[in-house]
Structure formats: C-alpha cells, structure tokens
Amino acid sequence: MTTQPTQTEATETQPTRSQPTGRTTVLVLGGTGKTGRRVADRLSRAGHPVRIGSRSGETPFDWEDPRTWEPALDGAAAAYIAYYPDVCDPGAATTLRAFAQRAAERGTRRLVLLSARGVEAALPAEEAVRVPGVAATVLRASWFFQNFDEGILRAGVLDGEIVFPAGDVKEPFVDADDIAEVAVAALTGDGPGDRTYEITGPRLLTFAEAAAEIAGATGRAVRYVPVSAESYGTALVRDHGLPDELGAFLTELFATLLDGRNAHLTDDVRRVLGRGPGDFADYARQAARGGVWAG
C-alpha cells in the first residue's frame, strides 16, 4: 500500500525540482517519500519539470481539500500517486476517483498509482484511477528493501533484533529504486499506459534471511525475532502511540498479508526496464557502506 508499513512514504527530504526544458510537467504526490522522491529525482535528471504536491510544499496539495487539486494539476501531463493515508483506506477509492476525473478534465493523460501486492482491499483504489481519457498504470509492490534503513525496521537493525510478525514466510523484497524506474517509464513512455505491474526482487527471502544478509554486510549481530500479529499491533499502540483503531487495522493487515500469498516472483521489472531487479545483498552492502546502520 502506498503508506502501509510495508512501504511507508515518510516525508524525509526536501522536494526536488528540475528546470523547465519544454518537456511535459509531471506532478509527484508523495514526492518526499521512499518512492516519490526517487521518482522526482529521476524525472528531474531526465529533464522533466517536476511539481511536488504536498500539504506544506511550494505547491500545496491536500487529499482532503479538493480545492488544492486543480492548481497542482495545472499543466501536468502525468502524475505519480502515492496515496495518503493508504490505498486500502475505506475512503481511498472515492477520493482517487474524484482526483482522476479532475485530472482528466485538466488534461493530465497519464496516472501511475503505487499500490499493494496481494491485498484485495486495494483493488477499489486501483480501479478508481482508471477513468476515460487517462492511461492509468498500477504498480503493486510488497516489502521494500528500504524499510530496513529508512522505515519501521531500521530501529530493530540498530538494536540487533528485528521484531516482526512475519514468521518464516518468504517475501519478494523489492528495491524502491526499481519501483521508481518503472514508474518513470510509465509516466514518460509513449506506449500504452493501462497496465498493472507486480514489482518484485529477484529472489524470495524470509525476514530471518534478510536479517542475516544485513548482519553479513554490517559485521554486527542482527537477528529476526518472530511475534504474533496481535502482539505486534499491541506494541505499536503501547510503545509508539498509535491510535487503537490503527493498531487494530495493522494487526489485521499483517495477519492477512504475511501468509505467503506473495511468495512468488514476477518478471515485470525486466519486461519494463530490460534488466533484472536489484538484489537484497547488493542493497545491504551499499546501505552499510553509507553508514545508515552505524548509529
């Protein structure tokens, strides 16, 4: 999901913009999150003017205030959507449908939605962005590599114990850089845009195996400690101050998502980019060299 704990789109950096070049402007919503900022950077480097919409940014954008949508869409030929709070939110489909219709009216011709792999609750949101006049591409992804160094699992790496309710299920961990490159291809390509891609890494790993890869790259003791979804949800509420209803939602989400339903790989990265996806071991070595787990 766009902001589910598998791939939380935290706002961590300042917006990136390119200089006007005559190329079409691309609106990036969620442009300071894990995938959004990577999408913005790649677009900018390719010479596309990038407009980042956010509540506090230079281009104000608020999903709860439709009055902010038209100024953000003005002149944008394409838009990348990392929806907040989550594509599985009960109100997501209604909001996204209204936005997609507004985008079509304003002349936006391509939409790319970041979605979640293996989650039926995300399907209404995916369907909502498919409106007449717009080529909509849906990118389904599961657990990001970057959750271990930019997201909710980083604290566990630093503590030496990654406590998480994944059991021994295997996951197709995926690099957020690959998601961004596929998104850019969909936003700027000349081919059909009405596609759904499932973005995975090149191999399946358990969380214990991922922890071992990180341990090998860092030279520090890191192990995975499995817990129940209920225990993890309770801890999120008790230790991190999450509202009870959000804790209950996450408990149900983990119990559903981490049942092995995504324990298979796709070739979609190669189909779109002409190369294979990045490997977790390479990511772990690069992240370790960058000092993200030195704290």
# chains A, B, ... in the order shown; residues from 1 in each chain; ligands from 1
>>> select_by_dssp(residues="stretch 5-238 of chain A", states="strand (DSSP E or B)", output="PyMOL selection string")
chain A and resi 25-29+50-54+59-60+76-81+110-116+135-141+144+161-164+170-171+174+195-199+205-206+223-226
>>> select_by_dssp(residues="stretch 103-276 of chain A", states="helix (DSSP H, G or I)", output="ChimeraX atom specification")
/A:103-105,120-128,145-148,154-159,176-188,207-218,229-240,244-257,268-273
>>> closest_residue(among="A:Ala284, A:Val87, A:Val157, A:Ala72", to="A:Arg220", atoms="only C-alpha atoms")
A:Val157
>>> closest_residue(among="A:Ala76, A:Leu246, A:Ala255, A:Ala155", to="A:Val227", atoms="only C-alpha atoms")
A:Ala255
>>> closest_atom_pairs(of="stretch 15-91 of chain A", to="stretch 123-132 of chain A", cutoff="10 Å", atoms="only C-alpha atoms", output="Markdown table")
| residue | atom | partner | partner_atom | distance |
| --- | --- | --- | --- | --- |
| A:Ile81 | CA | A:Val129 | CA | 9.8 |
| A:Tyr83 | CA | A:Ala125 | CA | 9.5 |
| A:Asp86 | CA | A:Ala125 | CA | 9.5 |
| A:Val87 | CA | A:Ala125 | CA | 5.9 |
| A:Cys88 | CA | A:Ala125 | CA | 7.3 |
| A:Asp89 | CA | A:Ala125 | CA | 8.8 |
| A:Pro90 | CA | A:Pro124 | CA | 9.2 |
| A:Gly91 | CA | A:Ala125 | CA | 8.9 |
>>> residues_around(residues="A:Arg271", least_positions_apart="2", cutoff="12 Å", atoms="only C-alpha atoms", output="PyMOL selection string")
chain A and resi 182+185+197-199+266-269+273-277
>>> atom_distance(atom1="atom CA of A:Leu187", atom2="atom CA of A:Gly151")
25.8 Å
>>> residues_around(residues="A:Leu73", least_positions_apart="2", cutoff="7 Å", atoms="only C-alpha atoms", output="mmCIF file with N, CA, C and O atoms, in the first residue's frame")
data_model
loop_
_atom_site.group_PDB
_atom_site.id
_atom_site.type_symbol
_atom_site.label_atom_id
_atom_site.label_comp_id
_atom_site.auth_asym_id
_atom_site.auth_seq_id
_atom_site.Cartn_x
_atom_site.Cartn_y
_atom_site.Cartn_z
ATOM 1 N N LEU A 27 3.487 15.799 -12.147
ATOM 2 C CA LEU A 27 3.126 16.014 -10.751
ATOM 3 C C LEU A 27 3.463 14.754 -9.955
ATOM 4 O O LEU A 27 3.098 13.647 -10.361
ATOM 5 N N TRP A 69 -6.416 20.616 -5.648
ATOM 6 C CA TRP A 69 -6.068 19.673 -6.705
ATOM 7 C C TRP A 69 -5.797 20.355 -8.042
ATOM 8 O O TRP A 69 -4.809 20.037 -8.722
ATOM 9 N N GLU A 70 -6.671 21.262 -8.424
ATOM 10 C CA GLU A 70 -6.531 21.867 -9.741
ATOM 11 C C GLU A 70 -5.234 22.659 -9.900
ATOM 12 O O GLU A 70 -4.564 22.537 -10.928
ATOM 13 N N PRO A 71 -4.841 23.498 -8.926
ATOM 14 C CA PRO A 71 -3.555 24.189 -9.083
ATOM 15 C C PRO A 71 -2.386 23.221 -9.218
ATOM 16 O O PRO A 71 -1.439 23.485 -9.967
ATOM 17 N N GLY A 75 -1.355 22.087 -16.008
ATOM 18 C CA GLY A 75 -0.243 21.893 -16.929
ATOM 19 C C GLY A 75 0.510 20.588 -16.780
ATOM 20 O O GLY A 75 1.481 20.353 -17.504
ATOM 21 N N ALA A 76 0.084 19.731 -15.862
ATOM 22 C CA ALA A 76 0.778 18.465 -15.643
ATOM 23 C C ALA A 76 0.238 17.409 -16.603
ATOM 24 O O ALA A 76 -0.953 17.086 -16.584
ATOM 25 N N ALA A 103 -8.225 15.161 -12.919
ATOM 26 C CA ALA A 103 -7.001 15.132 -13.718
ATOM 27 C C ALA A 103 -7.335 15.042 -15.206
ATOM 28 O O ALA A 103 -6.739 15.755 -16.033
ATOM 29 N N ARG A 106 -8.459 18.285 -16.552
ATOM 30 C CA ARG A 106 -7.380 19.272 -16.647
ATOM 31 C C ARG A 106 -6.344 18.916 -17.698
ATOM 32 O O ARG A 106 -5.369 19.641 -17.881
#
>>> residues_around(residues="A:Glu230", least_positions_apart="4", cutoff="10 Å", atoms="only C-alpha atoms", output="PDB file with all heavy atoms, in the first residue's frame")
ATOM      1  N   PRO A 165       6.009  -9.633  12.850  1.00  0.00           N
ATOM      2  CA  PRO A 165       5.105 -10.784  12.783  1.00  0.00           C
ATOM      3  C   PRO A 165       5.074 -11.472  11.417  1.00  0.00           C
ATOM      4  O   PRO A 165       4.009 -11.643  10.805  1.00  0.00           O
ATOM      5  CB  PRO A 165       3.753 -10.157  13.114  1.00  0.00           C
ATOM      6  CG  PRO A 165       3.832  -8.792  12.526  1.00  0.00           C
ATOM      7  CD  PRO A 165       5.259  -8.358  12.733  1.00  0.00           C
ATOM      8  N   THR A 234      -0.318  -4.608  19.371  1.00  0.00           N
ATOM      9  CA  THR A 234      -0.408  -4.075  20.733  1.00  0.00           C
ATOM     10  C   THR A 234       0.809  -3.215  21.051  1.00  0.00           C
ATOM     11  O   THR A 234       0.699  -2.143  21.661  1.00  0.00           O
ATOM     12  CB  THR A 234      -0.519  -5.218  21.750  1.00  0.00           C
ATOM     13  OG1 THR A 234      -1.722  -5.960  21.491  1.00  0.00           O
ATOM     14  CG2 THR A 234      -0.554  -4.685  23.169  1.00  0.00           C
ATOM     15  N   ALA A 235       1.984  -3.678  20.627  1.00  0.00           N
ATOM     16  CA  ALA A 235       3.214  -2.931  20.886  1.00  0.00           C
ATOM     17  C   ALA A 235       3.226  -1.597  20.148  1.00  0.00           C
ATOM     18  O   ALA A 235       3.721  -0.588  20.680  1.00  0.00           O
ATOM     19  CB  ALA A 235       4.423  -3.771  20.485  1.00  0.00           C
ATOM     20  N   LEU A 236       2.680  -1.578  18.948  1.00  0.00           N
ATOM     21  CA  LEU A 236       2.626  -0.321  18.201  1.00  0.00           C
ATOM     22  C   LEU A 236       1.791   0.717  18.935  1.00  0.00           C
ATOM     23  O   LEU A 236       2.138   1.901  18.980  1.00  0.00           O
ATOM     24  CB  LEU A 236       2.052  -0.566  16.809  1.00  0.00           C
ATOM     25  CG  LEU A 236       2.936  -1.310  15.810  1.00  0.00           C
ATOM     26  CD1 LEU A 236       2.172  -1.550  14.508  1.00  0.00           C
ATOM     27  CD2 LEU A 236       4.211  -0.535  15.513  1.00  0.00           C
ATOM     28  N   GLY A 247      -3.885   0.506  15.280  1.00  0.00           N
ATOM     29  CA  GLY A 247      -3.241  -0.723  15.727  1.00  0.00           C
ATOM     30  C   GLY A 247      -4.036  -1.951  15.320  1.00  0.00           C
ATOM     31  O   GLY A 247      -3.464  -2.967  14.888  1.00  0.00           O
ATOM     32  N   ALA A 248      -5.360  -1.871  15.424  1.00  0.00           N
ATOM     33  CA  ALA A 248      -6.215  -2.989  15.029  1.00  0.00           C
ATOM     34  C   ALA A 248      -6.144  -3.223  13.521  1.00  0.00           C
ATOM     35  O   ALA A 248      -6.108  -4.370  13.055  1.00  0.00           O
ATOM     36  CB  ALA A 248      -7.653  -2.715  15.450  1.00  0.00           C
ATOM     37  N   LEU A 250      -3.600  -2.512  11.537  1.00  0.00           N
ATOM     38  CA  LEU A 250      -2.299  -3.093  11.205  1.00  0.00           C
ATOM     39  C   LEU A 250      -2.216  -4.553  11.621  1.00  0.00           C
ATOM     40  O   LEU A 250      -1.615  -5.374  10.926  1.00  0.00           O
ATOM     41  CB  LEU A 250      -1.179  -2.279  11.866  1.00  0.00           C
ATOM     42  CG  LEU A 250      -1.021  -0.855  11.344  1.00  0.00           C
ATOM     43  CD1 LEU A 250       0.063  -0.124  12.125  1.00  0.00           C
ATOM     44  CD2 LEU A 250      -0.706  -0.843   9.853  1.00  0.00           C
ATOM     45  N   THR A 251      -2.813  -4.882  12.752  1.00  0.00           N
ATOM     46  CA  THR A 251      -2.833  -6.277  13.194  1.00  0.00           C
ATOM     47  C   THR A 251      -3.509  -7.158  12.148  1.00  0.00           C
ATOM     48  O   THR A 251      -2.990  -8.221  11.769  1.00  0.00           O
ATOM     49  CB  THR A 251      -3.578  -6.408  14.538  1.00  0.00           C
ATOM     50  OG1 THR A 251      -2.856  -5.676  15.538  1.00  0.00           O
ATOM     51  CG2 THR A 251      -3.681  -7.868  14.960  1.00  0.00           C
ATOM     52  N   GLU A 252      -4.661  -6.709  11.667  1.00  0.00           N
ATOM     53  CA  GLU A 252      -5.383  -7.468  10.646  1.00  0.00           C
ATOM     54  C   GLU A 252      -4.595  -7.510   9.339  1.00  0.00           C
ATOM     55  O   GLU A 252      -4.540  -8.547   8.661  1.00  0.00           O
ATOM     56  CB  GLU A 252      -6.756  -6.849  10.410  1.00  0.00           C
ATOM     57  CG  GLU A 252      -7.592  -7.591   9.383  1.00  0.00           C
ATOM     58  CD  GLU A 252      -8.962  -6.977   9.195  1.00  0.00           C
ATOM     59  OE1 GLU A 252      -9.287  -6.008   9.906  1.00  0.00           O
ATOM     60  OE2 GLU A 252      -9.710  -7.469   8.337  1.00  0.00           O
ATOM     61  N   PHE A 254      -1.271  -7.338   8.879  1.00  0.00           N
ATOM     62  CA  PHE A 254      -0.137  -8.251   8.947  1.00  0.00           C
ATOM     63  C   PHE A 254      -0.583  -9.702   8.916  1.00  0.00           C
ATOM     64  O   PHE A 254       0.041 -10.544   8.271  1.00  0.00           O
ATOM     65  CB  PHE A 254       0.686  -7.978  10.208  1.00  0.00           C
ATOM     66  CG  PHE A 254       1.384  -6.648  10.199  1.00  0.00           C
ATOM     67  CD1 PHE A 254       1.428  -5.859  11.339  1.00  0.00           C
ATOM     68  CD2 PHE A 254       1.998  -6.170   9.059  1.00  0.00           C
ATOM     69  CE1 PHE A 254       2.067  -4.634  11.332  1.00  0.00           C
ATOM     70  CE2 PHE A 254       2.639  -4.944   9.044  1.00  0.00           C
ATOM     71  CZ  PHE A 254       2.673  -4.171  10.183  1.00  0.00           C
ATOM     72  N   ALA A 255      -1.654  -9.996   9.630  1.00  0.00           N
ATOM     73  CA  ALA A 255      -2.145 -11.370   9.659  1.00  0.00           C
ATOM     74  C   ALA A 255      -2.561 -11.824   8.269  1.00  0.00           C
ATOM     75  O   ALA A 255      -2.417 -13.003   7.908  1.00  0.00           O
ATOM     76  CB  ALA A 255      -3.320 -11.480  10.627  1.00  0.00           C
TER      77      ALA A 255
END
>>> residues_around(residues="A:Gly290", least_positions_apart="4", cutoff="12 Å", atoms="only C-alpha atoms", output="PyMOL selection string")
chain A and resi 149+217-218+283-286+294-295
>>> atom_distance(atom1="atom CA of A:Leu139", atom2="atom CA of A:Ala176")
11.5 Å
>>> atom_distance(atom1="atom CA of A:Asn147", atom2="atom CA of A:Glu209")
15.0 Å
>>> closest_residue(among="A:Thr256, A:Val39, A:Trp293, A:Thr206", to="A:Arg154", atoms="only C-alpha atoms")
A:Trp293
>>> closest_residue(among="A:Pro226, A:Pro172, A:Gly233, A:Gly278", to="A:Gly118", atoms="only C-alpha atoms")
A:Pro172
>>> closest_residue(among="A:Val28, A:Leu205, A:Val138, A:Val292", to="A:Ala78", atoms="only C-alpha atoms")
A:Val28
>>> closest_residue(among="A:Gly193, A:Thr32, A:Arg45, A:Asp65", to="A:Val112", atoms="only C-alpha atoms")
A:Gly193
>>> decode(residues="stretch 38-65 of chain A", atoms="N, CA, C and O atoms", output="mmCIF file, in the first residue's frame")
data_model
loop_
_atom_site.group_PDB
_atom_site.id
_atom_site.type_symbol
_atom_site.label_atom_id
_atom_site.label_comp_id
_atom_site.auth_asym_id
_atom_site.auth_seq_id
_atom_site.Cartn_x
_atom_site.Cartn_y
_atom_site.Cartn_z
ATOM 1 N N ARG A 38 12.380 9.329 -5.187
ATOM 2 C CA ARG A 38 13.195 8.673 -6.211
ATOM 3 C C ARG A 38 12.608 8.916 -7.597
ATOM 4 O O ARG A 38 13.343 9.109 -8.567
ATOM 5 N N VAL A 39 11.297 8.902 -7.700
ATOM 6 C CA VAL A 39 10.638 9.235 -8.957
ATOM 7 C C VAL A 39 10.976 10.666 -9.353
ATOM 8 O O VAL A 39 11.359 10.941 -10.503
ATOM 9 N N ALA A 40 10.853 11.592 -8.414
ATOM 10 C CA ALA A 40 11.130 13.005 -8.704
ATOM 11 C C ALA A 40 12.570 13.209 -9.146
ATOM 12 O O ALA A 40 12.836 13.949 -10.106
ATOM 13 N N ASP A 41 13.507 12.561 -8.473
ATOM 14 C CA ASP A 41 14.923 12.716 -8.828
ATOM 15 C C ASP A 41 15.197 12.216 -10.245
ATOM 16 O O ASP A 41 15.909 12.865 -11.026
ATOM 17 N N ARG A 42 14.630 11.063 -10.585
ATOM 18 C CA ARG A 42 14.867 10.504 -11.922
ATOM 19 C C ARG A 42 14.221 11.357 -13.003
ATOM 20 O O ARG A 42 14.806 11.551 -14.075
ATOM 21 N N LEU A 43 13.043 11.839 -12.753
ATOM 22 C CA LEU A 43 12.399 12.718 -13.720
ATOM 23 C C LEU A 43 13.215 13.987 -13.931
ATOM 24 O O LEU A 43 13.416 14.437 -15.067
ATOM 25 N N SER A 44 13.688 14.552 -12.832
ATOM 26 C CA SER A 44 14.463 15.781 -12.911
ATOM 27 C C SER A 44 15.748 15.579 -13.700
ATOM 28 O O SER A 44 16.109 16.389 -14.560
ATOM 29 N N ARG A 45 16.430 14.467 -13.423
ATOM 30 C CA ARG A 45 17.679 14.190 -14.131
ATOM 31 C C ARG A 45 17.450 13.949 -15.622
ATOM 32 O O ARG A 45 18.344 14.185 -16.436
ATOM 33 N N ALA A 46 16.256 13.483 -15.957
ATOM 34 C CA ALA A 46 15.934 13.254 -17.363
ATOM 35 C C ALA A 46 15.445 14.525 -18.059
ATOM 36 O O ALA A 46 15.142 14.500 -19.257
ATOM 37 N N GLY A 47 15.365 15.618 -17.316
ATOM 38 C CA GLY A 47 14.985 16.889 -17.912
ATOM 39 C C GLY A 47 13.517 17.230 -17.858
ATOM 40 O O GLY A 47 13.071 18.191 -18.490
ATOM 41 N N HIS A 48 12.733 16.470 -17.104
ATOM 42 C CA HIS A 48 11.304 16.757 -16.989
ATOM 43 C C HIS A 48 11.046 17.732 -15.844
ATOM 44 O O HIS A 48 11.525 17.506 -14.728
ATOM 45 N N PRO A 49 10.295 18.783 -16.077
ATOM 46 C CA PRO A 49 9.886 19.641 -14.967
ATOM 47 C C PRO A 49 9.054 18.835 -13.976
ATOM 48 O O PRO A 49 8.116 18.129 -14.372
ATOM 49 N N VAL A 50 9.384 18.931 -12.705
ATOM 50 C CA VAL A 50 8.719 18.147 -11.667
ATOM 51 C C VAL A 50 8.018 19.095 -10.703
ATOM 52 O O VAL A 50 8.607 20.055 -10.215
ATOM 53 N N ARG A 51 6.758 18.792 -10.431
ATOM 54 C CA ARG A 51 5.998 19.548 -9.446
ATOM 55 C C ARG A 51 5.630 18.601 -8.309
ATOM 56 O O ARG A 51 4.968 17.588 -8.524
ATOM 57 N N ILE A 52 6.092 18.903 -7.112
ATOM 58 C CA ILE A 52 5.799 18.060 -5.963
ATOM 59 C C ILE A 52 4.665 18.671 -5.165
ATOM 60 O O ILE A 52 4.760 19.796 -4.677
ATOM 61 N N GLY A 53 3.582 17.922 -5.045
ATOM 62 C CA GLY A 53 2.438 18.399 -4.282
ATOM 63 C C GLY A 53 2.450 17.838 -2.877
ATOM 64 O O GLY A 53 2.576 16.631 -2.685
ATOM 65 N N SER A 54 2.354 18.715 -1.897
ATOM 66 C CA SER A 54 2.300 18.285 -0.502
ATOM 67 C C SER A 54 1.602 19.366 0.316
ATOM 68 O O SER A 54 1.448 20.504 -0.136
ATOM 69 N N ARG A 55 1.203 19.010 1.520
ATOM 70 C CA ARG A 55 0.483 19.969 2.358
ATOM 71 C C ARG A 55 1.320 21.203 2.662
ATOM 72 O O ARG A 55 0.802 22.313 2.720
ATOM 73 N N SER A 56 2.611 21.011 2.875
ATOM 74 C CA SER A 56 3.466 22.127 3.294
ATOM 75 C C SER A 56 4.435 22.561 2.209
ATOM 76 O O SER A 56 5.296 23.403 2.449
ATOM 77 N N GLY A 57 4.315 21.999 1.006
ATOM 78 C CA GLY A 57 5.261 22.317 -0.047
ATOM 79 C C GLY A 57 4.935 23.591 -0.791
ATOM 80 O O GLY A 57 3.941 24.281 -0.525
ATOM 81 N N GLU A 58 5.765 23.890 -1.783
ATOM 82 C CA GLU A 58 5.573 25.087 -2.595
ATOM 83 C C GLU A 58 4.272 25.002 -3.389
ATOM 84 O O GLU A 58 3.631 26.020 -3.675
ATOM 85 N N THR A 59 3.904 23.761 -3.768
ATOM 86 C CA THR A 59 2.619 23.524 -4.412
ATOM 87 C C THR A 59 1.718 22.831 -3.407
ATOM 88 O O THR A 59 1.811 21.616 -3.215
ATOM 89 N N PRO A 60 0.868 23.573 -2.703
ATOM 90 C CA PRO A 60 0.023 22.954 -1.667
ATOM 91 C C PRO A 60 -0.891 21.890 -2.264
ATOM 92 O O PRO A 60 -1.525 22.107 -3.295
ATOM 93 N N PHE A 61 -0.926 20.739 -1.614
ATOM 94 C CA PHE A 61 -1.811 19.665 -2.051
ATOM 95 C C PHE A 61 -2.279 18.905 -0.827
ATOM 96 O O PHE A 61 -1.470 18.479 0.009
ATOM 97 N N ASP A 62 -3.602 18.729 -0.750
ATOM 98 C CA ASP A 62 -4.194 18.027 0.380
ATOM 99 C C ASP A 62 -5.310 17.143 -0.157
ATOM 100 O O ASP A 62 -6.255 17.631 -0.787
ATOM 101 N N TRP A 63 -5.203 15.840 0.073
ATOM 102 C CA TRP A 63 -6.238 14.927 -0.400
ATOM 103 C C TRP A 63 -7.609 15.285 0.173
ATOM 104 O O TRP A 63 -8.640 15.024 -0.453
ATOM 105 N N GLU A 64 -7.640 15.885 1.341
ATOM 106 C CA GLU A 64 -8.908 16.216 1.978
ATOM 107 C C GLU A 64 -9.459 17.567 1.543
ATOM 108 O O GLU A 64 -10.533 17.963 1.973
ATOM 109 N N ASP A 65 -8.732 18.269 0.683
ATOM 110 C CA ASP A 65 -9.174 19.591 0.220
ATOM 111 C C ASP A 65 -9.094 19.636 -1.302
ATOM 112 O O ASP A 65 -8.065 20.019 -1.872
#
